[in-house]
file input.cif (mmCIF, C-alpha atoms)
data_input
#
loop_
_atom_site.label_atom_id
_atom_site.label_comp_id
_atom_site.auth_asym_id
_atom_site.auth_seq_id
_atom_site.Cartn_x
_atom_site.Cartn_y
_atom_site.Cartn_z
CA MET A 9 10.68 28.53 -15.58
CA SER A 10 13.98 29.67 -17.14
CA GLU A 11 16.82 27.24 -16.60
CA ASN A 12 19.27 30.09 -16.13
CA GLU A 13 17.54 32.16 -13.49
CA PRO A 14 19.77 32.57 -10.44
CA ASN A 15 17.20 31.59 -7.82
CA LEU A 16 16.10 28.46 -9.66
CA PRO A 17 17.21 26.01 -6.92
CA ALA A 18 15.19 27.87 -4.31
CA ARG A 19 12.15 28.05 -6.58
CA VAL A 20 12.29 24.35 -7.34
CA ALA A 21 12.80 23.54 -3.65
CA ALA A 22 9.65 25.48 -2.81
CA ALA A 23 7.72 23.18 -5.15
CA ILE A 24 9.03 19.92 -3.70
CA ASP A 25 7.25 17.51 -1.36
CA HIS A 26 10.33 15.82 0.11
CA THR A 27 9.11 12.25 0.17
CA LEU A 28 9.88 9.02 2.04
CA LEU A 29 7.14 6.42 1.84
CA THR A 30 8.98 3.10 1.86
CA ALA A 31 7.67 0.50 4.32
CA ASN A 32 11.06 0.15 5.99
CA ALA A 33 11.81 3.85 6.49
CA GLU A 34 13.28 4.15 9.97
CA ARG A 35 12.89 6.95 12.47
CA SER A 36 16.43 8.15 11.77
CA ALA A 37 15.64 8.47 8.06
CA ILE A 38 12.43 10.38 8.80
CA GLU A 39 14.40 12.69 11.08
CA GLN A 40 16.94 13.32 8.33
CA LEU A 41 14.12 13.99 5.87
CA CYS A 42 12.75 16.68 8.16
CA HIS A 43 16.12 18.33 8.69
CA GLU A 44 16.75 18.40 4.96
CA ALA A 45 13.31 19.90 4.42
CA LEU A 46 13.98 22.65 6.96
CA ASP A 47 17.38 23.43 5.45
CA ALA A 48 16.21 23.44 1.83
CA ARG A 49 12.82 25.01 2.52
CA PHE A 50 10.88 22.36 0.71
CA ALA A 51 7.10 22.80 0.46
CA ALA A 52 6.45 19.77 2.62
CA VAL A 53 7.66 16.40 3.73
CA CYS A 54 5.48 13.54 2.57
CA VAL A 55 5.48 10.55 4.93
CA ASN A 56 3.32 7.60 5.91
CA PRO A 57 0.65 8.25 8.60
CA THR A 58 2.65 6.54 11.35
CA TRP A 59 5.25 9.34 11.18
CA VAL A 60 2.97 12.39 11.07
CA THR A 61 3.18 13.37 14.73
CA TYR A 62 6.93 12.92 14.76
CA CYS A 63 7.33 15.17 11.72
CA ARG A 64 4.92 17.77 13.04
CA ASP A 65 6.98 18.07 16.22
CA LEU A 66 10.27 18.33 14.34
CA LEU A 67 9.06 20.76 11.68
CA ASP A 68 7.09 23.01 14.03
CA LYS A 69 4.99 24.51 11.18
CA LYS A 70 8.08 25.76 9.32
CA VAL A 71 7.56 23.08 6.66
CA ALA A 72 4.21 21.42 6.00
CA VAL A 73 3.53 17.78 6.84
CA ALA A 74 1.84 15.88 4.03
CA THR A 75 0.70 12.31 4.49
CA VAL A 76 -0.89 9.66 2.34
CA ILE A 77 -4.37 8.15 2.63
CA GLY A 78 -5.37 4.74 1.25
CA PHE A 79 -1.82 4.44 0.04
CA PRO A 80 -0.62 3.09 -2.30
CA LEU A 81 -3.43 0.83 -3.57
CA GLY A 82 -6.44 3.06 -2.91
CA ALA A 83 -8.45 -0.08 -2.21
CA THR A 84 -9.33 0.19 1.46
CA ASP A 85 -13.02 0.57 2.19
CA GLN A 86 -14.75 3.89 1.91
CA ALA A 87 -15.19 4.71 5.60
CA SER A 88 -11.65 3.66 6.49
CA LYS A 89 -10.18 6.19 4.09
CA ALA A 90 -12.11 9.06 5.69
CA ASP A 91 -11.17 7.88 9.18
CA GLU A 92 -7.54 7.59 8.24
CA ALA A 93 -7.66 11.17 6.96
CA ARG A 94 -9.36 12.43 10.11
CA ARG A 95 -6.69 10.83 12.30
CA ALA A 96 -3.90 12.19 10.15
CA ILE A 97 -5.26 15.70 10.60
CA THR A 98 -5.58 15.19 14.36
CA ASN A 99 -1.98 13.96 14.40
CA GLY A 100 -0.76 17.09 12.64
CA ALA A 101 -1.02 16.62 8.89
CA ASP A 102 -1.31 19.85 6.90
CA GLU A 103 -1.95 18.19 3.55
CA LEU A 104 -3.42 14.83 2.51
CA ASP A 105 -2.38 12.87 -0.58
CA VAL A 106 -5.36 10.59 -1.19
CA VAL A 107 -5.34 7.64 -3.60
CA ILE A 108 -8.61 7.18 -5.49
CA ASN A 109 -10.20 3.75 -5.48
CA ILE A 110 -8.67 2.76 -8.79
CA GLY A 111 -10.29 -0.66 -9.12
CA ARG A 112 -13.73 0.76 -8.43
CA PHE A 113 -13.14 3.68 -10.78
CA ILE A 114 -12.17 1.35 -13.63
CA SER A 115 -15.15 -0.87 -12.81
CA GLY A 116 -17.49 2.10 -13.28
CA ASP A 117 -18.29 2.59 -9.59
CA ILE A 118 -17.83 6.35 -9.85
CA ASP A 119 -20.18 6.85 -6.91
CA VAL A 120 -17.65 5.17 -4.60
CA VAL A 121 -14.84 7.42 -5.82
CA VAL A 122 -16.93 10.57 -5.48
CA ALA A 123 -18.25 9.62 -2.03
CA GLU A 124 -14.72 8.99 -0.75
CA LEU A 125 -13.45 12.31 -2.02
CA ASP A 126 -16.49 14.19 -0.72
CA ALA A 127 -15.91 12.69 2.73
CA ILE A 128 -12.28 13.85 2.65
CA ALA A 129 -13.33 17.31 1.47
CA THR A 130 -15.60 17.86 4.48
CA LEU A 131 -12.55 17.63 6.74
CA GLY A 132 -11.36 21.03 5.50
CA THR A 133 -7.67 20.18 5.04
CA PRO A 134 -6.08 20.72 1.61
CA PHE A 135 -5.97 17.43 -0.26
CA LYS A 136 -4.29 16.10 -3.35
CA VAL A 137 -5.94 13.33 -5.32
CA ILE A 138 -3.68 10.64 -6.74
CA ILE A 139 -5.34 9.21 -9.83
CA GLU A 140 -2.50 6.72 -10.63
CA CYS A 141 -2.15 7.47 -14.34
CA ALA A 142 -0.32 4.20 -15.03
CA TYR A 143 -3.61 2.33 -14.88
CA LEU A 144 -5.81 4.77 -16.82
CA ASP A 145 -6.26 5.73 -20.45
CA ASP A 146 -6.42 9.43 -21.33
CA ASP A 147 -10.21 9.64 -21.12
CA GLN A 148 -10.13 7.96 -17.72
CA LYS A 149 -7.41 10.36 -16.56
CA ARG A 150 -9.59 13.31 -17.57
CA ALA A 151 -12.66 11.86 -15.86
CA ALA A 152 -10.74 11.09 -12.67
CA ALA A 153 -9.23 14.58 -12.65
CA ARG A 154 -12.65 16.15 -13.11
CA ALA A 155 -14.04 14.12 -10.20
CA ALA A 156 -11.13 15.25 -8.01
CA ILE A 157 -11.60 18.89 -8.93
CA ALA A 158 -15.37 18.71 -8.41
CA ALA A 159 -14.71 17.38 -4.91
CA GLY A 160 -12.48 20.38 -4.18
CA ALA A 161 -9.01 18.89 -4.50
CA ALA A 162 -6.15 21.37 -4.22
CA PHE A 163 -4.02 19.19 -6.51
CA VAL A 164 -4.48 16.37 -8.97
CA LYS A 165 -1.47 14.10 -8.61
CA THR A 166 -0.19 11.73 -11.25
CA SER A 167 1.16 8.70 -9.38
CA THR A 168 1.89 6.90 -6.15
CA GLY A 169 5.35 5.77 -7.20
CA PHE A 170 4.24 2.16 -6.60
CA ALA A 171 2.63 1.50 -10.00
CA PRO A 172 4.54 0.21 -13.04
CA SER A 173 5.16 3.80 -14.21
CA GLY A 174 5.29 7.25 -12.67
CA ALA A 175 4.82 10.82 -13.87
CA THR A 176 5.15 11.64 -17.54
CA VAL A 177 5.33 15.08 -19.15
CA ALA A 178 2.31 14.16 -21.28
CA ASP A 179 0.20 13.28 -18.24
CA VAL A 180 1.18 16.45 -16.41
CA ALA A 181 0.18 18.51 -19.45
CA LEU A 182 -3.12 16.62 -19.78
CA LEU A 183 -3.95 17.11 -16.10
CA HIS A 184 -2.93 20.77 -16.19
CA GLU A 185 -5.26 21.38 -19.11
CA ILE A 186 -8.17 19.89 -17.14
CA ALA A 187 -7.29 21.33 -13.75
CA HIS A 188 -6.07 24.85 -14.39
CA PRO A 189 -6.98 27.18 -12.73
CA ALA A 190 -9.38 25.35 -10.41
CA ALA A 191 -6.70 23.01 -9.08
CA ALA A 192 -2.96 22.51 -9.39
CA VAL A 193 -0.98 19.51 -10.59
CA LYS A 194 1.50 17.48 -8.56
CA ALA A 195 3.88 15.27 -10.53
CA SER A 196 5.28 12.25 -8.71
CA GLY A 197 6.87 8.89 -9.37
CA GLY A 198 10.23 8.52 -11.06
CA ILE A 199 11.39 12.15 -10.71
CA ARG A 200 15.03 11.52 -9.90
CA ASP A 201 17.01 14.32 -11.55
CA ALA A 202 16.87 18.06 -12.22
CA ALA A 203 16.10 17.69 -15.92
CA THR A 204 12.99 15.62 -15.17
CA ALA A 205 11.93 17.97 -12.38
CA LEU A 206 12.20 21.00 -14.66
CA ALA A 207 10.33 19.22 -17.45
CA MET A 208 7.44 18.50 -15.08
CA LEU A 209 7.33 22.12 -13.92
CA ASP A 210 7.43 23.32 -17.53
CA ALA A 211 4.51 21.03 -18.36
CA GLY A 212 2.39 22.70 -15.68
CA ALA A 213 3.14 20.96 -12.39
CA THR A 214 3.53 23.29 -9.42
CA ARG A 215 4.37 20.55 -6.95
CA LEU A 216 6.77 17.63 -7.29
CA GLY A 217 6.79 14.52 -5.16
CA THR A 218 10.25 13.00 -5.05
CA SER A 219 12.70 11.15 -2.85
CA ALA A 220 15.59 12.48 -4.92
CA SER A 221 15.13 16.07 -3.79
CA MET A 222 18.70 16.52 -2.56
CA THR A 223 20.14 15.18 -5.83
CA ILE A 224 17.88 17.50 -7.80
CA LEU A 225 18.92 20.54 -5.75
CA ASP A 226 22.60 19.61 -6.07
CA GLU A 227 22.28 19.35 -9.84
CA LEU A 228 20.53 22.71 -10.05
CA THR A 229 23.11 24.40 -7.86
CA GLU A 230 25.98 23.05 -9.96
CA ARG A 231 24.56 24.41 -13.19
CA MET B 12 3.75 -34.04 1.11
CA SER B 13 4.59 -36.70 -1.46
CA GLU B 14 4.78 -35.42 -4.99
CA ASN B 15 3.17 -38.57 -6.31
CA GLU B 16 0.10 -38.83 -4.15
CA PRO B 17 -3.03 -38.88 -6.29
CA ASN B 18 -4.96 -36.21 -4.40
CA LEU B 19 -2.07 -33.75 -4.32
CA PRO B 20 -3.83 -31.06 -6.41
CA ALA B 21 -6.79 -31.05 -4.02
CA ARG B 22 -4.55 -30.93 -0.98
CA VAL B 23 -2.55 -28.03 -2.37
CA ALA B 24 -5.73 -26.22 -3.39
CA ALA B 25 -7.00 -26.50 0.17
CA ALA B 26 -3.87 -24.64 1.33
CA ILE B 27 -4.15 -21.75 -1.14
CA ASP B 28 -5.37 -18.21 -0.50
CA HIS B 29 -6.34 -17.32 -4.07
CA THR B 30 -5.06 -13.77 -4.19
CA LEU B 31 -5.72 -10.60 -6.19
CA LEU B 32 -4.44 -7.44 -4.53
CA THR B 33 -3.41 -5.21 -7.41
CA ALA B 34 -4.68 -1.64 -7.28
CA ASN B 35 -6.33 -1.93 -10.69
CA ALA B 36 -8.16 -5.23 -10.12
CA GLU B 37 -11.60 -4.79 -11.66
CA ARG B 38 -14.90 -6.19 -10.47
CA SER B 39 -14.90 -8.73 -13.30
CA ALA B 40 -11.50 -10.04 -12.18
CA ILE B 41 -12.66 -10.30 -8.58
CA GLU B 42 -15.73 -12.18 -9.76
CA GLN B 43 -13.56 -14.61 -11.73
CA LEU B 44 -11.32 -15.06 -8.68
CA CYS B 45 -14.32 -16.09 -6.60
CA HIS B 46 -15.63 -18.53 -9.20
CA GLU B 47 -12.20 -20.13 -9.50
CA ALA B 48 -12.00 -20.41 -5.71
CA LEU B 49 -15.38 -22.12 -5.56
CA ASP B 50 -14.46 -24.53 -8.34
CA ALA B 51 -11.02 -25.42 -7.00
CA ARG B 52 -12.01 -25.33 -3.32
CA PHE B 53 -9.25 -22.97 -2.32
CA ALA B 54 -8.94 -22.12 1.38
CA ALA B 55 -9.85 -18.49 0.77
CA VAL B 56 -9.77 -15.61 -1.62
CA CYS B 57 -7.53 -12.76 -0.53
CA VAL B 58 -8.67 -9.34 -1.76
CA ASN B 59 -8.42 -5.68 -0.85
CA PRO B 60 -10.98 -4.35 1.68
CA THR B 61 -13.05 -2.61 -0.97
CA TRP B 62 -14.07 -6.01 -2.41
CA VAL B 63 -14.89 -7.89 0.81
CA THR B 64 -18.67 -7.53 0.70
CA TYR B 65 -18.78 -8.44 -2.97
CA CYS B 66 -16.77 -11.61 -2.33
CA ARG B 67 -18.76 -12.55 0.74
CA ASP B 68 -21.96 -12.42 -1.30
CA LEU B 69 -20.50 -14.47 -4.15
CA LEU B 70 -18.81 -17.08 -1.96
CA ASP B 71 -21.66 -17.50 0.51
CA LYS B 72 -19.42 -19.06 3.20
CA LYS B 73 -18.32 -21.90 0.87
CA VAL B 74 -14.87 -20.33 0.61
CA ALA B 75 -13.44 -17.94 3.19
CA VAL B 76 -12.90 -14.24 2.48
CA ALA B 77 -9.50 -12.99 3.60
CA THR B 78 -8.60 -9.32 3.35
CA VAL B 79 -5.54 -7.22 4.06
CA ILE B 80 -5.07 -4.59 6.77
CA GLY B 81 -2.51 -1.76 6.59
CA PHE B 82 -1.51 -3.17 3.26
CA PRO B 83 1.09 -3.27 1.84
CA LEU B 84 3.24 -0.76 3.75
CA GLY B 85 2.02 -1.39 7.30
CA ALA B 86 2.61 2.28 8.02
CA THR B 87 -0.84 3.66 8.68
CA ASP B 88 -1.44 4.90 12.20
CA GLN B 89 -2.24 2.53 15.00
CA ALA B 90 -5.93 3.27 15.45
CA SER B 91 -6.62 3.24 11.71
CA LYS B 92 -5.38 -0.32 11.39
CA ALA B 93 -7.76 -1.57 14.09
CA ASP B 94 -10.65 0.35 12.55
CA GLU B 95 -9.90 -1.02 9.12
CA ALA B 96 -9.96 -4.52 10.60
CA ARG B 97 -13.24 -3.89 12.41
CA ARG B 98 -14.88 -2.68 9.19
CA ALA B 99 -13.55 -5.62 7.22
CA ILE B 100 -15.13 -8.01 9.70
CA THR B 101 -18.42 -6.13 9.54
CA ASN B 102 -18.26 -6.32 5.75
CA GLY B 103 -17.81 -10.09 5.84
CA ALA B 104 -14.12 -10.91 6.18
CA ASP B 105 -13.38 -14.31 7.73
CA GLU B 106 -9.63 -13.82 7.99
CA LEU B 107 -7.38 -10.77 8.24
CA ASP B 108 -3.87 -10.52 6.80
CA VAL B 109 -2.30 -7.70 8.82
CA VAL B 110 0.98 -6.00 7.93
CA ILE B 111 3.11 -5.11 10.96
CA ASN B 112 4.42 -1.58 11.23
CA ILE B 113 7.76 -2.42 9.70
CA GLY B 114 9.39 1.02 10.02
CA ARG B 115 8.45 1.24 13.68
CA PHE B 116 9.58 -2.31 14.34
CA ILE B 117 13.00 -1.65 12.80
CA SER B 118 13.19 1.60 14.74
CA GLY B 119 12.74 -0.29 18.01
CA ASP B 120 9.17 0.85 18.67
CA ILE B 121 8.06 -2.67 19.58
CA ASP B 122 5.29 -1.21 21.74
CA VAL B 123 3.57 0.15 18.62
CA VAL B 124 3.73 -3.23 16.88
CA VAL B 125 2.43 -5.09 19.92
CA ALA B 126 -0.37 -2.59 20.57
CA GLU B 127 -1.56 -2.85 16.97
CA LEU B 128 -1.64 -6.63 17.03
CA ASP B 129 -3.32 -6.72 20.44
CA ALA B 130 -6.04 -4.42 19.13
CA ILE B 131 -6.60 -6.72 16.16
CA ALA B 132 -6.66 -9.78 18.43
CA THR B 133 -9.51 -8.38 20.54
CA LEU B 134 -11.74 -8.47 17.44
CA GLY B 135 -11.86 -12.27 17.65
CA THR B 136 -11.37 -13.00 13.94
CA PRO B 137 -8.46 -15.24 12.87
CA PHE B 138 -5.56 -13.08 11.74
CA LYS B 139 -2.31 -13.60 9.92
CA VAL B 140 0.61 -11.31 10.64
CA ILE B 141 2.75 -10.29 7.67
CA ILE B 142 6.24 -9.53 8.93
CA GLU B 143 7.68 -8.69 5.47
CA CYS B 144 10.87 -10.76 5.67
CA ALA B 145 12.54 -8.81 2.85
CA TYR B 146 13.29 -5.96 5.26
CA LEU B 147 14.37 -8.00 8.31
CA ASP B 148 17.44 -9.94 9.31
CA ASP B 149 16.96 -13.39 10.83
CA ASP B 150 16.93 -12.16 14.43
CA GLN B 151 14.34 -9.53 13.52
CA LYS B 152 12.24 -12.18 11.75
CA ARG B 153 12.28 -14.31 14.90
CA ALA B 154 11.38 -11.37 17.13
CA ALA B 155 8.57 -10.27 14.84
CA ALA B 156 7.21 -13.81 14.64
CA ARG B 157 7.31 -14.13 18.44
CA ALA B 158 5.39 -10.85 18.80
CA ALA B 159 2.78 -12.09 16.34
CA ILE B 160 2.37 -15.40 18.12
CA ALA B 161 2.19 -13.72 21.53
CA ALA B 162 -0.64 -11.58 20.20
CA GLY B 163 -2.52 -14.70 19.13
CA ALA B 164 -1.91 -14.76 15.39
CA ALA B 165 -3.24 -17.83 13.57
CA PHE B 166 -0.47 -17.49 10.99
CA VAL B 167 2.85 -15.75 10.60
CA LYS B 168 3.14 -14.71 6.95
CA THR B 169 6.36 -14.04 5.10
CA SER B 170 5.60 -11.25 2.66
CA THR B 171 3.18 -8.80 1.10
CA GLY B 172 4.34 -9.43 -2.44
CA PHE B 173 5.12 -5.70 -2.72
CA ALA B 174 8.64 -5.74 -1.21
CA PRO B 175 11.81 -6.37 -3.24
CA SER B 176 11.60 -10.10 -2.48
CA GLY B 177 8.92 -12.62 -1.47
CA ALA B 178 8.80 -15.95 0.30
CA THR B 179 11.93 -18.09 0.53
CA VAL B 180 12.20 -21.68 1.70
CA ALA B 181 14.70 -20.58 4.33
CA ASP B 182 12.31 -17.99 5.77
CA VAL B 183 9.42 -20.45 5.86
CA ALA B 184 11.59 -22.95 7.74
CA LEU B 185 12.76 -20.26 10.16
CA LEU B 186 9.22 -19.09 10.87
CA HIS B 187 7.93 -22.65 11.21
CA GLU B 188 10.60 -23.36 13.80
CA ILE B 189 9.47 -20.37 15.85
CA ALA B 190 5.74 -20.72 15.29
CA HIS B 191 5.02 -24.45 15.45
CA PRO B 192 2.72 -25.55 17.01
CA ALA B 193 1.35 -22.30 18.43
CA ALA B 194 0.75 -20.76 15.01
CA ALA B 195 0.97 -21.76 11.36
CA VAL B 196 3.03 -20.28 8.54
CA LYS B 197 1.72 -18.68 5.36
CA ALA B 198 4.18 -18.31 2.50
CA SER B 199 3.45 -15.55 0.01
CA GLY B 200 5.16 -13.44 -2.61
CA GLY B 201 6.67 -14.90 -5.76
CA ILE B 202 4.97 -18.32 -5.59
CA ARG B 203 4.24 -18.78 -9.28
CA ASP B 204 4.65 -22.49 -10.01
CA ALA B 205 3.96 -25.92 -8.51
CA ALA B 206 7.58 -26.63 -7.65
CA THR B 207 7.81 -23.47 -5.55
CA ALA B 208 4.44 -24.15 -3.92
CA LEU B 209 5.48 -27.68 -2.94
CA ALA B 210 8.83 -26.46 -1.63
CA MET B 211 7.06 -23.97 0.64
CA LEU B 212 4.71 -26.67 1.94
CA ASP B 213 7.64 -29.01 2.52
CA ALA B 214 9.41 -26.28 4.50
CA GLY B 215 6.47 -26.04 6.87
CA ALA B 216 3.96 -23.64 5.34
CA THR B 217 0.33 -24.74 5.58
CA ARG B 218 -1.06 -21.80 3.65
CA LEU B 219 0.15 -20.24 0.42
CA GLY B 220 -0.75 -16.79 -0.85
CA THR B 221 -0.51 -16.67 -4.63
CA SER B 222 -2.07 -15.16 -7.73
CA ALA B 223 -0.78 -18.07 -9.82
CA SER B 224 -3.08 -20.62 -8.20
CA MET B 225 -4.61 -21.84 -11.45
CA THR B 226 -1.18 -22.34 -13.04
CA ILE B 227 -0.03 -24.23 -9.97
CA LEU B 228 -3.07 -26.52 -10.03
CA ASP B 229 -2.70 -27.12 -13.77
CA GLU B 230 0.94 -28.11 -13.29
CA LEU B 231 0.07 -30.48 -10.45
CA THR B 232 -2.75 -32.08 -12.43
CA GLU B 233 -0.51 -32.66 -15.46
CA ARG B 234 2.12 -34.51 -13.42
#

call {"tool": "encode", "arguments": {"input": "input.cif", "output": "C-alpha cells"}}
result
Amino acid sequence: MSENEPNLPARVAAAIDHTLLTANAERSAIEQLCHEALDARFAAVCVNPTWVTYCRDLLDKKVAVATVIGFPLGATDQASKADEARRAITNGADELDVVINIGRFISGDIDVVVAELDAIATLGTPFKVIIECAYLDDDQKRAAARAAIAAGAAFVKTSTGFAPSGATVADVALLHEIAHPAAAVKASGGIRDAATALAMLDAGATRLGTSASMTILDELTER
Amino acid sequence: MSENEPNLPARVAAAIDHTLLTANAERSAIEQLCHEALDARFAAVCVNPTWVTYCRDLLDKKVAVATVIGFPLGATDQASKADEARRAITNGADELDVVINIGRFISGDIDVVVAELDAIATLGTPFKVIIECAYLDDDQKRAAARAAIAAGAAFVKTSTGFAPSGATVADVALLHEIAHPAAAVKASGGIRDAATALAMLDAGATRLGTSASMTILDELTER
C-alpha cells in the first residue's frame, strides 16, 4: 500500500474494525463508535456481546457488527463458547472474533481447541480466531494458525489487546505466510497511530482492530 | 484479627480463594494450585471455567472450587452468563464469582444487571458478585452492592484483578457497611503480601482473592 496514494485514508478505513471492548464502555460511547463507523465507512465495529443488538439497530447493515467470544481469556468452557456465539448471531452479529482456549492449547489439549472452533464453524457466520501471540512461541503461533484455518476461519487474529503485548509486524508476517490465501490476517492490540497501521497492512494484514481509528484517519488525512 | 495470635496463618488461609485466572495458565500450574490449596487448607481455588472439572477431581470436595462467570469484562449477553453459570455448576463448581455488567450498570440499565443476578440466584449455588470498584464512584458502589445483596449474593467482591486498580481498604469498608450482615465481602485484586491481606480482613473482608497466597502465608509464618 503506497503511502502517497490519494485514497489511502479511505482504503485504511475500509480495513478497520472500529473497536471498543473496555468493561466500562457506556451506551453513549457505543453510540458514538457506531456514528464514527458510519461516517468513516469502517469495515465493522467490534463490541462486547451485550451491545450487539444496539449496534445492529444503529448500523442497519451499512457497517458490520463484530463481537467477541470467550473474550479476552478464552478460558470459558467449550459449550459456553459455542452458545455465546449462537446468541451473538441471533442478536445481530455479522462477524465473530473468537479467542482460542490458550491455556488448553499450551497444555497440549489441541482437541479442545479444535472442537471449539469446529462448533463455531457450524454456525455459518464468518469468524476470526484470536490466537493471542503474546503467550505463544513461533511454532505455537503456526500450529494455532493452522488449526484456525483448518476449522474455516476467515481471519487469524494476533491479539486480544488484553495480554502483555499486542500485534507485531513479525507476527503479522508469520501469520500471513501460514494463512495466505486460505485465510486473512487481522492485526490488533497496540495499533494507535497511522505508521503502525500502515506497517501492519504492509506486513500482510487486511484487517486492523483498533480503538484509535479516528486518530489514525486524522494522521493519514494530514499527510 | 490480632497480628500476634498463634494460629493466624491458618485463619488467613481459611479466608483465601487461591486464584489463577490468567489466560495462559497451564494444566501443570492448575494442578500445583490445587495441591497448594489442599496443603494450606485454603477456602477455595478460583479458576477459569475450562479448569473446573479438573479441579473438582483433584480436590475431591476437600477444598471448594470457585469459578468466574462473565469474566473479566462482565459484558457478555444476559442469557450467556446464566448458561455459563449452569455449566460451571454441572462441571463441579461450588461457588461462582460473577462479574456484573459494568457498562450497562453505568449506562443506567439496572434492569439488565438485576435480571442477570436473579438468573444466577435461581441456580442455588453460592455466588459472589464482582462490582469492579475501579470503574464506580462511591454511590455507584453502594447501589451495585445493594443490587447484589437483593439478588441473594453470598459475597460482594471488589475487583476482577483486570481493571486499572484492585481492592482498597476504603472500598472493603464501604462494602462491608452496606453488606453486613446480609452478605460478606471478598477483597481481590492487588493483594500480594501479608500486610495487605490483614488490612483487608481488618476492614471487614472475610474472603480474599489472591494469586500470592503462598507468599502471604510464608510472611505470616515468619512473623

call {"tool": "closest_atom_pairs", "arguments": {"input": "input.cif", "of": "chain A", "to": "chain B", "cutoff": "9 Å", "atoms": "only C-alpha atoms", "output": "Markdown table"}}
result
| residue | atom | partner | partner_atom | distance |
| --- | --- | --- | --- | --- |
| A:Leu29 | CA | B:Leu84 | CA | 8.4 |
| A:Thr30 | CA | B:Leu84 | CA | 7.2 |
| A:Ala31 | CA | B:Leu84 | CA | 4.6 |
| A:Asn32 | CA | B:Gly114 | CA | 4.4 |
| A:Ala33 | CA | B:Gly114 | CA | 5.1 |
| A:Glu34 | CA | B:Gly114 | CA | 5.0 |
| A:Arg35 | CA | B:Ser118 | CA | 5.8 |
| A:Ser36 | CA | B:Ser118 | CA | 7.9 |
| A:Asn56 | CA | B:Ala86 | CA | 5.8 |
| A:Pro57 | CA | B:Thr87 | CA | 4.8 |
| A:Thr58 | CA | B:Asp88 | CA | 4.5 |
| A:Trp59 | CA | B:Asp88 | CA | 8.1 |
| A:Val60 | CA | B:Asp88 | CA | 8.8 |
| A:Val76 | CA | B:Thr87 | CA | 8.7 |
| A:Ile77 | CA | B:Thr87 | CA | 8.3 |
| A:Gly78 | CA | B:Thr87 | CA | 8.8 |
| A:Phe79 | CA | B:Leu84 | CA | 8.1 |
| A:Pro80 | CA | B:Pro83 | CA | 7.8 |
| A:Leu81 | CA | B:Ala34 | CA | 4.6 |
| A:Gly82 | CA | B:Ala34 | CA | 6.7 |
| A:Ala83 | CA | B:Thr61 | CA | 5.4 |
| A:Thr84 | CA | B:Pro60 | CA | 4.8 |
| A:Asp85 | CA | B:Thr61 | CA | 4.5 |
| A:Gln86 | CA | B:Thr61 | CA | 7.3 |
| A:Ala87 | CA | B:Arg98 | CA | 8.2 |
| A:Ser88 | CA | B:Glu95 | CA | 5.6 |
| A:Lys89 | CA | B:Glu95 | CA | 8.8 |
| A:Asp91 | CA | B:Ser91 | CA | 7.0 |
| A:Glu92 | CA | B:Ser91 | CA | 5.6 |
| A:Arg95 | CA | B:Ser91 | CA | 7.6 |
| A:Ala96 | CA | B:Asp88 | CA | 8.0 |
| A:Asn109 | CA | B:Ala34 | CA | 7.9 |
| A:Ile110 | CA | B:Asn35 | CA | 5.6 |
| A:Gly111 | CA | B:Asn35 | CA | 4.4 |
| A:Arg112 | CA | B:Glu37 | CA | 6.8 |
| A:Phe113 | CA | B:Glu37 | CA | 8.7 |
| A:Ile114 | CA | B:Glu37 | CA | 6.5 |
| A:Ser115 | CA | B:Glu37 | CA | 5.4 |
| A:Tyr143 | CA | B:Asn35 | CA | 6.6 |
| A:Phe170 | CA | B:Phe173 | CA | 8.8 |
| A:Ala171 | CA | B:Ala34 | CA | 8.4 |

call {"tool": "resolve_selection", "arguments": {"input": "input.cif", "expression": "the PyMOL selection byres ((chain A and resi 70) around 10)", "output": "number ranges by chain"}}
result
A: 45-46, 49-52, 64, 66-69, 71-73

call {"tool": "closest_residue", "arguments": {"input": "input.cif", "among": "B:Ala51, B:Asp204, B:His46, B:Asp129", "to": "Arg22 (chain B)", "atoms": "only C-alpha atoms"}}
result
B:Ala51

call {"tool": "resolve_selection", "arguments": {"input": "input.cif", "expression": "the PyMOL selection byres ((chain A and resi 130) around 12)", "output": "ChimeraX atom specification"}}
result
/A:90-91,93-94,123-129,131-135,159-161

call {"tool": "residues_around", "arguments": {"input": "input.cif", "residues": "Val56 (chain B)", "least_positions_apart": "2", "cutoff": "6 Å", "atoms": "only C-alpha atoms", "output": "short mmCIF file (atom, residue, chain, number, x, y, z; two decimals) with C-alpha atoms, in the frame of the given file"}}
result
data_model
loop_
_atom_site.label_atom_id
_atom_site.label_comp_id
_atom_site.auth_asym_id
_atom_site.auth_seq_id
_atom_site.Cartn_x
_atom_site.Cartn_y
_atom_site.Cartn_z
CA ASP B 28 -5.37 -18.21 -0.50
CA HIS B 29 -6.34 -17.32 -4.07
CA THR B 30 -5.06 -13.77 -4.19
CA VAL B 76 -12.90 -14.24 2.48
CA ALA B 77 -9.50 -12.99 3.60
#

call {"tool": "resolve_selection", "arguments": {"input": "input.cif", "expression": "the PyMOL selection byres ((chain B and resi 159) around 10)", "output": "PyMOL selection string"}}
result
chain B and resi 111+124-125+128-129+132+138-142+153-158+160-168+190+194

call {"tool": "atom_distance", "arguments": {"input": "input.cif", "atom1": "CA of Val107 (chain A)", "atom2": "CA of Leu28 (chain A)"}}
result
16.3 Å

call {"tool": "atom_distance", "arguments": {"input": "input.cif", "atom1": "CA of Pro20 (chain B)", "atom2": "CA of Ala193 (chain B)"}}
result
26.8 Å

call {"tool": "residues_around", "arguments": {"input": "input.cif", "residues": "Ala216 (chain B)", "least_positions_apart": "2", "cutoff": "12 Å", "atoms": "all atoms listed in the file", "output": "number ranges by chain"}}
result
B: 12, 23, 26-27, 166-169, 178-188, 190-192, 194-199, 207-214, 218-220
